[in-house]
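The next block is model_32.pdb, given as PDB, C-alpha atoms, pLDDT in the B column.
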ATOM      1  CA  MET A   6      19.084  -0.969  13.967  1.00 50.00           C
ATOM      2  CA  SER A   7      16.846  -0.812  17.028  1.00 56.00           C
ATOM      3  CA  LEU A   8      13.122  -1.407  16.888  1.00 52.00           C
ATOM      4  CA  SER A   9      11.107   1.406  18.415  1.00 64.00           C
ATOM      5  CA  HIS A  10       8.341  -0.876  19.700  1.00 61.00           C
ATOM      6  CA  LEU A  11      10.722  -2.892  21.892  1.00 59.00           C
ATOM      7  CA  ASP A  12      12.225  -1.806  25.192  1.00 65.00           C
ATOM      8  CA  GLU A  13      15.786  -2.607  26.346  1.00 71.00           C
ATOM      9  CA  GLU A  14      14.646  -6.080  27.438  1.00 70.00           C
ATOM     10  CA  GLY A  15      12.919  -6.878  24.164  1.00 68.00           C
ATOM     11  CA  LYS A  16       9.386  -6.392  25.498  1.00 70.00           C
ATOM     12  CA  ALA A  17       6.727  -4.790  23.324  1.00 72.00           C
ATOM     13  CA  ARG A  18       5.918  -1.202  24.212  1.00 70.00           C
ATOM     14  CA  MET A  19       4.123   1.793  22.826  1.00 75.00           C
ATOM     15  CA  VAL A  20       6.478   4.423  21.409  1.00 77.00           C
ATOM     16  CA  ASP A  21       6.577   7.611  23.480  1.00 75.00           C
ATOM     17  CA  VAL A  22       5.627  10.483  21.163  1.00 83.00           C
ATOM     18  CA  SER A  23       5.153  13.104  23.883  1.00 82.00           C
ATOM     19  CA  GLU A  24       8.200  15.124  22.779  1.00 82.00           C
ATOM     20  CA  LYS A  25       7.417  14.990  19.050  1.00 86.00           C
ATOM     21  CA  ASN A  26       5.955  17.961  17.200  1.00 88.00           C
ATOM     22  CA  VAL A  27       2.511  17.939  15.652  1.00 91.00           C
ATOM     23  CA  THR A  28       2.917  18.027  11.871  1.00 92.00           C
ATOM     24  CA  ALA A  29       0.690  17.570   8.830  1.00 95.00           C
ATOM     25  CA  ARG A  30       0.815  13.937   7.772  1.00 95.00           C
ATOM     26  CA  ARG A  31      -0.619  12.022   4.864  1.00 97.00           C
ATOM     27  CA  ALA A  32      -0.484   8.379   3.867  1.00 98.00           C
ATOM     28  CA  ARG A  33      -1.760   6.483   0.845  1.00 98.00           C
ATOM     29  CA  ALA A  34      -2.200   2.717   0.601  1.00 98.00           C
ATOM     30  CA  MET A  35      -3.463   0.289  -2.019  1.00 98.00           C
ATOM     31  CA  GLY A  36      -4.695  -3.269  -2.264  1.00 98.00           C
ATOM     32  CA  THR A  37      -6.341  -5.507  -4.844  1.00 98.00           C
ATOM     33  CA  VAL A  38      -9.215  -7.975  -4.837  1.00 98.00           C
ATOM     34  CA  TYR A  39      -8.994 -10.417  -7.734  1.00 98.00           C
ATOM     35  CA  LEU A  40     -12.326 -11.921  -8.726  1.00 97.00           C
ATOM     36  CA  ALA A  41     -14.190 -13.695 -11.491  1.00 98.00           C
ATOM     37  CA  GLU A  42     -15.146 -11.729 -14.584  1.00 97.00           C
ATOM     38  CA  SER A  43     -18.808 -12.509 -13.889  1.00 98.00           C
ATOM     39  CA  THR A  44     -18.466 -11.096 -10.366  1.00 98.00           C
ATOM     40  CA  LEU A  45     -16.969  -7.860 -11.658  1.00 98.00           C
ATOM     41  CA  ALA A  46     -19.909  -7.603 -14.094  1.00 97.00           C
ATOM     42  CA  ALA A  47     -22.417  -8.292 -11.275  1.00 97.00           C
ATOM     43  CA  ILE A  48     -20.878  -5.494  -9.181  1.00 97.00           C
ATOM     44  CA  ALA A  49     -20.983  -3.067 -12.125  1.00 94.00           C
ATOM     45  CA  GLU A  50     -24.598  -3.962 -12.916  1.00 94.00           C
ATOM     46  CA  GLY A  51     -25.759  -3.873  -9.280  1.00 93.00           C
ATOM     47  CA  ARG A  52     -26.698  -7.575  -9.284  1.00 94.00           C
ATOM     48  CA  THR A  53     -24.945  -8.703  -6.104  1.00 95.00           C
ATOM     49  CA  PRO A  54     -27.045 -10.387  -3.389  1.00 92.00           C
ATOM     50  CA  LYS A  55     -26.068  -7.976  -0.588  1.00 94.00           C
ATOM     51  CA  GLY A  56     -26.461  -4.663  -2.406  1.00 94.00           C
ATOM     52  CA  ASP A  57     -24.029  -1.858  -3.232  1.00 96.00           C
ATOM     53  CA  VAL A  58     -20.620  -3.487  -2.822  1.00 97.00           C
ATOM     54  CA  PHE A  59     -18.555  -0.335  -3.241  1.00 98.00           C
ATOM     55  CA  ALA A  60     -20.646   1.776  -0.846  1.00 97.00           C
ATOM     56  CA  ALA A  61     -20.386  -0.837   1.912  1.00 98.00           C
ATOM     57  CA  ALA A  62     -16.640  -1.342   1.383  1.00 98.00           C
ATOM     58  CA  ARG A  63     -15.968   2.409   1.274  1.00 98.00           C
ATOM     59  CA  LEU A  64     -17.826   3.016   4.548  1.00 98.00           C
ATOM     60  CA  ALA A  65     -16.120   0.053   6.225  1.00 98.00           C
ATOM     61  CA  GLY A  66     -12.709   1.373   5.178  1.00 98.00           C
ATOM     62  CA  ILE A  67     -13.437   4.826   6.569  1.00 98.00           C
ATOM     63  CA  MET A  68     -14.726   3.376   9.834  1.00 98.00           C
ATOM     64  CA  ALA A  69     -11.680   1.113  10.143  1.00 98.00           C
ATOM     65  CA  ALA A  70      -9.234   4.006   9.690  1.00 98.00           C
ATOM     66  CA  LYS A  71     -11.009   5.855  12.498  1.00 97.00           C
ATOM     67  CA  ARG A  72     -10.629   2.836  14.802  1.00 97.00           C
ATOM     68  CA  CYS A  73      -7.132   1.713  13.857  1.00 96.00           C
ATOM     69  CA  ASP A  74      -5.839   2.157  17.407  1.00 94.00           C
ATOM     70  CA  GLU A  75      -8.425  -0.395  18.602  1.00 95.00           C
ATOM     71  CA  LEU A  76      -7.283  -2.972  16.049  1.00 94.00           C
ATOM     72  CA  ILE A  77      -3.476  -2.640  16.064  1.00 91.00           C
ATOM     73  CA  PRO A  78      -2.186  -3.022  19.637  1.00 88.00           C
ATOM     74  CA  LEU A  79       0.630  -0.443  19.661  1.00 88.00           C
ATOM     75  CA  CYS A  80      -0.946   2.238  17.450  1.00 90.00           C
ATOM     76  CA  HIS A  81      -1.572   5.667  18.898  1.00 91.00           C
ATOM     77  CA  SER A  82      -4.974   7.312  18.760  1.00 93.00           C
ATOM     78  CA  ILE A  83      -4.718  10.111  16.235  1.00 94.00           C
ATOM     79  CA  PRO A  84      -7.330  12.635  15.129  1.00 95.00           C
ATOM     80  CA  LEU A  85      -8.007  12.095  11.442  1.00 97.00           C
ATOM     81  CA  ASP A  86      -8.799  15.089   9.255  1.00 98.00           C
ATOM     82  CA  ASN A  87      -9.816  13.097   6.185  1.00 98.00           C
ATOM     83  CA  VAL A  88     -10.150   9.537   4.910  1.00 98.00           C
ATOM     84  CA  GLU A  89     -10.795   8.798   1.247  1.00 98.00           C
ATOM     85  CA  ILE A  90     -11.405   5.359  -0.230  1.00 98.00           C
ATOM     86  CA  ASP A  91     -11.588   4.716  -3.980  1.00 98.00           C
ATOM     87  CA  MET A  92     -12.674   1.479  -5.670  1.00 97.00           C
ATOM     88  CA  LEU A  93     -11.368   1.059  -9.203  1.00 97.00           C
ATOM     89  CA  PRO A  94     -12.731  -1.871 -11.246  1.00 98.00           C
ATOM     90  CA  ARG A  95     -10.203  -3.224 -13.738  1.00 97.00           C
ATOM     91  CA  PRO A  96     -10.995  -5.773 -16.475  1.00 95.00           C
ATOM     92  CA  ASN A  97      -7.781  -7.621 -17.257  1.00 96.00           C
ATOM     93  CA  PRO A  98      -7.281  -9.531 -15.060  1.00 97.00           C
ATOM     94  CA  PRO A  99     -10.671  -8.911 -13.418  1.00 98.00           C
ATOM     95  CA  ARG A 100     -10.077  -7.116 -10.144  1.00 98.00           C
ATOM     96  CA  VAL A 101     -10.927  -4.148  -7.971  1.00 98.00           C
ATOM     97  CA  GLU A 102      -8.073  -1.883  -6.915  1.00 98.00           C
ATOM     98  CA  ILE A 103      -8.710  -0.212  -3.580  1.00 98.00           C
ATOM     99  CA  LYS A 104      -6.943   3.031  -2.718  1.00 98.00           C
ATOM    100  CA  SER A 105      -7.008   4.934   0.543  1.00 98.00           C
ATOM    101  CA  GLU A 106      -5.682   8.319   1.539  1.00 98.00           C
ATOM    102  CA  VAL A 107      -5.583   9.456   5.159  1.00 98.00           C
ATOM    103  CA  SER A 108      -4.544  12.879   6.410  1.00 98.00           C
ATOM    104  CA  CYS A 109      -4.129  14.321   9.880  1.00 97.00           C
ATOM    105  CA  ARG A 110      -2.185  16.757  12.022  1.00 96.00           C
ATOM    106  CA  ALA A 111      -0.578  14.647  14.722  1.00 93.00           C
ATOM    107  CA  LYS A 112       2.657  13.589  16.450  1.00 90.00           C
ATOM    108  CA  THR A 113       2.759  10.270  14.608  1.00 89.00           C
ATOM    109  CA  GLY A 114       1.855   9.164  11.118  1.00 82.00           C
ATOM    110  CA  ALA A 115      -1.202   7.888   9.303  1.00 95.00           C
ATOM    111  CA  GLU A 116       0.370   4.868   7.593  1.00 96.00           C
ATOM    112  CA  MET A 117      -1.378   2.227   9.682  1.00 96.00           C
ATOM    113  CA  GLU A 118      -4.719   4.001   9.296  1.00 98.00           C
ATOM    114  CA  ALA A 119      -4.353   3.987   5.501  1.00 98.00           C
ATOM    115  CA  LEU A 120      -3.345   0.308   5.477  1.00 98.00           C
ATOM    116  CA  VAL A 121      -6.173  -0.713   7.818  1.00 98.00           C
ATOM    117  CA  ALA A 122      -8.649   1.233   5.674  1.00 98.00           C
ATOM    118  CA  VAL A 123      -7.630  -0.715   2.555  1.00 98.00           C
ATOM    119  CA  SER A 124      -7.572  -4.031   4.415  1.00 98.00           C
ATOM    120  CA  VAL A 125     -11.051  -3.683   5.881  1.00 98.00           C
ATOM    121  CA  ALA A 126     -12.463  -2.297   2.629  1.00 98.00           C
ATOM    122  CA  ALA A 127     -11.073  -5.384   0.850  1.00 98.00           C
ATOM    123  CA  LEU A 128     -12.491  -7.736   3.491  1.00 98.00           C
ATOM    124  CA  THR A 129     -15.869  -6.042   3.226  1.00 98.00           C
ATOM    125  CA  LEU A 130     -15.804  -6.288  -0.557  1.00 98.00           C
ATOM    126  CA  TYR A 131     -15.108 -10.020  -0.171  1.00 98.00           C
ATOM    127  CA  ASP A 132     -17.961 -10.378   2.319  1.00 98.00           C
ATOM    128  CA  MET A 133     -20.323  -8.642  -0.097  1.00 98.00           C
ATOM    129  CA  ILE A 134     -19.491 -11.008  -3.001  1.00 97.00           C
ATOM    130  CA  LYS A 135     -18.593 -14.287  -1.293  1.00 97.00           C
ATOM    131  CA  ALA A 136     -21.998 -15.797  -2.110  1.00 96.00           C
ATOM    132  CA  ILE A 137     -21.168 -15.596  -5.827  1.00 97.00           C
ATOM    133  CA  ASP A 138     -17.349 -15.809  -5.774  1.00 97.00           C
ATOM    134  CA  ARG A 139     -15.704 -17.608  -2.847  1.00 97.00           C
ATOM    135  CA  ALA A 140     -12.456 -17.803  -4.828  1.00 98.00           C
ATOM    136  CA  ALA A 141     -11.969 -14.012  -4.796  1.00 98.00           C
ATOM    137  CA  THR A 142      -8.490 -13.198  -3.506  1.00 98.00           C
ATOM    138  CA  ILE A 143      -7.270 -10.223  -1.497  1.00 98.00           C
ATOM    139  CA  SER A 144      -3.715  -9.302  -2.446  1.00 98.00           C
ATOM    140  CA  ASP A 145      -0.941  -6.715  -2.566  1.00 96.00           C
ATOM    141  CA  ILE A 146      -1.899  -4.490   0.377  1.00 98.00           C
ATOM    142  CA  ARG A 147       0.870  -1.936   0.639  1.00 98.00           C
ATOM    143  CA  LEU A 148       1.844   1.594   1.627  1.00 98.00           C
ATOM    144  CA  VAL A 149       2.421   3.626  -1.540  1.00 97.00           C
ATOM    145  CA  GLU A 150       3.226   7.050  -0.123  1.00 97.00           C
ATOM    146  CA  LYS A 151       3.589   8.901   3.135  1.00 97.00           C
ATOM    147  CA  SER A 152       4.590  12.419   4.062  1.00 94.00           C
ATOM    148  CA  GLY A 153       5.199  14.364   7.243  1.00 91.00           C
ATOM    149  CA  GLY A 154       7.092  13.591  10.393  1.00 83.00           C
ATOM    150  CA  LYS A 155      10.740  12.931  11.120  1.00 81.00           C
ATOM    151  CA  THR A 156      11.299  10.448   8.291  1.00 84.00           C
ATOM    152  CA  GLY A 157       9.881  12.813   5.653  1.00 86.00           C
ATOM    153  CA  HIS A 158       8.455  11.849   2.297  1.00 94.00           C
ATOM    154  CA  TYR A 159       8.339   8.249   1.063  1.00 94.00           C
ATOM    155  CA  VAL A 160       7.067   7.031  -2.306  1.00 96.00           C
ATOM    156  CA  ARG A 161       7.028   3.310  -3.068  1.00 95.00           C
ATOM    157  CA  GLU A 162       8.735   2.322  -6.288  1.00 92.00           C
ATOM    158  CA  GLU A 163       6.104   0.254  -8.077  1.00 78.00           C
ATOM    159  CA  LYS A 164       7.271  -2.501 -10.392  1.00 72.00           C
ATOM    160  CA  PRO A 165       5.992  -2.129 -13.970  1.00 61.00           C
TER     161      PRO A 165
END

Would you write out, as structure tokens, the structure that this file holds?
Amino acid sequence: MSLSHLDEEGKARMVDVSEKNVTARRARAMGTVYLAESTLAAIAEGRTPKGDVFAAARLAGIMAAKRCDELIPLCHSIPLDNVEIDMLPRPNPPRVEIKSEVSCRAKTGAEMEALVAVSVAALTLYDMIKAIDRAATISDIRLVEKSGGKTGHYVREEKP
């Protein structure tokens, strides 16, 4: 198997997508921030020192998806049609599940944009609560689905 980001000499390179067709593409990613029960309650009750945790994290995730090509060295710039970020508080164990969905019409996919959106949303959530919960843990960032392009549809098999 050859790696598309390496040339014949093993040097990193950007993949040439000039001959690829523009297609509708969509990618979904997820991640989790585990935190103390009291922190989850503080978020729900609006008692965090920095303000609305979910609003800040959602905006950061959207902004990050739009700037993915500036963060990941070999990513292409792609025009995004939509970025959605959802924050889902869960009680047992106490955590916030972060979901992103990115869609575009482009020559290359939206997987990295969806993953970067979740990552930066999780980091922002941590930043917003670190004063009350430094032990919060970001975990399980993963691509859960993608469609469009040459490789077609992919759905991650989640373990029960």

For region 142-151 of chain A, please output as a compact mmCIF listing (two decimals) with C-alpha atoms, keeping the file's coordinate frame all residues within 9 Å (counting only C-alpha atoms; exclusion window: fewer than 3 positions along the same chain).
# COMPACT_ATOMS: atom_id res chain seq x y z
CA ARG A 30 0.82 13.94 7.77
CA ARG A 31 -0.62 12.02 4.86
CA ALA A 32 -0.48 8.38 3.87
CA ARG A 33 -1.76 6.48 0.84
CA ALA A 34 -2.20 2.72 0.60
CA MET A 35 -3.46 0.29 -2.02
CA GLY A 36 -4.70 -3.27 -2.26
CA THR A 37 -6.34 -5.51 -4.84
CA VAL A 38 -9.22 -7.98 -4.84
CA TYR A 39 -8.99 -10.42 -7.73
CA LEU A 40 -12.33 -11.92 -8.73
CA ILE A 103 -8.71 -0.21 -3.58
CA GLY A 114 1.86 9.16 11.12
CA ALA A 115 -1.20 7.89 9.30
CA GLU A 116 0.37 4.87 7.59
CA MET A 117 -1.38 2.23 9.68
CA ALA A 119 -4.35 3.99 5.50
CA LEU A 120 -3.34 0.31 5.48
CA VAL A 123 -7.63 -0.72 2.56
CA SER A 124 -7.57 -4.03 4.42
CA ALA A 127 -11.07 -5.38 0.85
CA LEU A 128 -12.49 -7.74 3.49
CA TYR A 131 -15.11 -10.02 -0.17
CA ARG A 139 -15.70 -17.61 -2.85
CA GLY A 157 9.88 12.81 5.65
CA HIS A 158 8.46 11.85 2.30
CA TYR A 159 8.34 8.25 1.06
CA VAL A 160 7.07 7.03 -2.31
CA ARG A 161 7.03 3.31 -3.07
CA GLU A 162 8.74 2.32 -6.29
CA GLU A 163 6.10 0.25 -8.08

Given the PyMOL selection byres ((chain A and resi 68) around 12) and the file above, list the residues it selects as an MDAnalysis selection string. chainID A and resid 61:67 69:76 85 87:90 107 118:119 121:126 129

One number please: CA of Asn97 (chain A) to CA of Gly51 (chain A), in Å, one decimal.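 So the two atoms, CA of Asn97 (chain A) and CA of Gly51 (chain A), lie 20.0 Å apart.
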
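One distance worth recording is that between CA of Asp138 (chain A) and CA of Asp91 (chain A), which is 21.4 Å.
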
Can you tell me how far CA of Ala49 (chain A) sits from CA of Pro94 (chain A), in Å to one decimal?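 According to the coordinates, CA of Ala49 (chain A) and CA of Pro94 (chain A) are separated by 8.4 Å.
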
Test item: axis-aligned box, all listed atoms of region 88-93 of chain A, 8 Å on each side, centre and edges in Å rounded to one decimal, as lines of an AutoDock Vina configuration file:
center_x = -11.4
center_y = 5.3
center_z = -2.1
size_x = 18.5
size_y = 24.5
size_z = 30.1

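Between Leu45 (chain A) and the residues A:Cys109, A:Phe59, A:Met19, A:Pro99, the shortest atom-to-atom distance, using all atoms listed in the file, involves A:Pro99.
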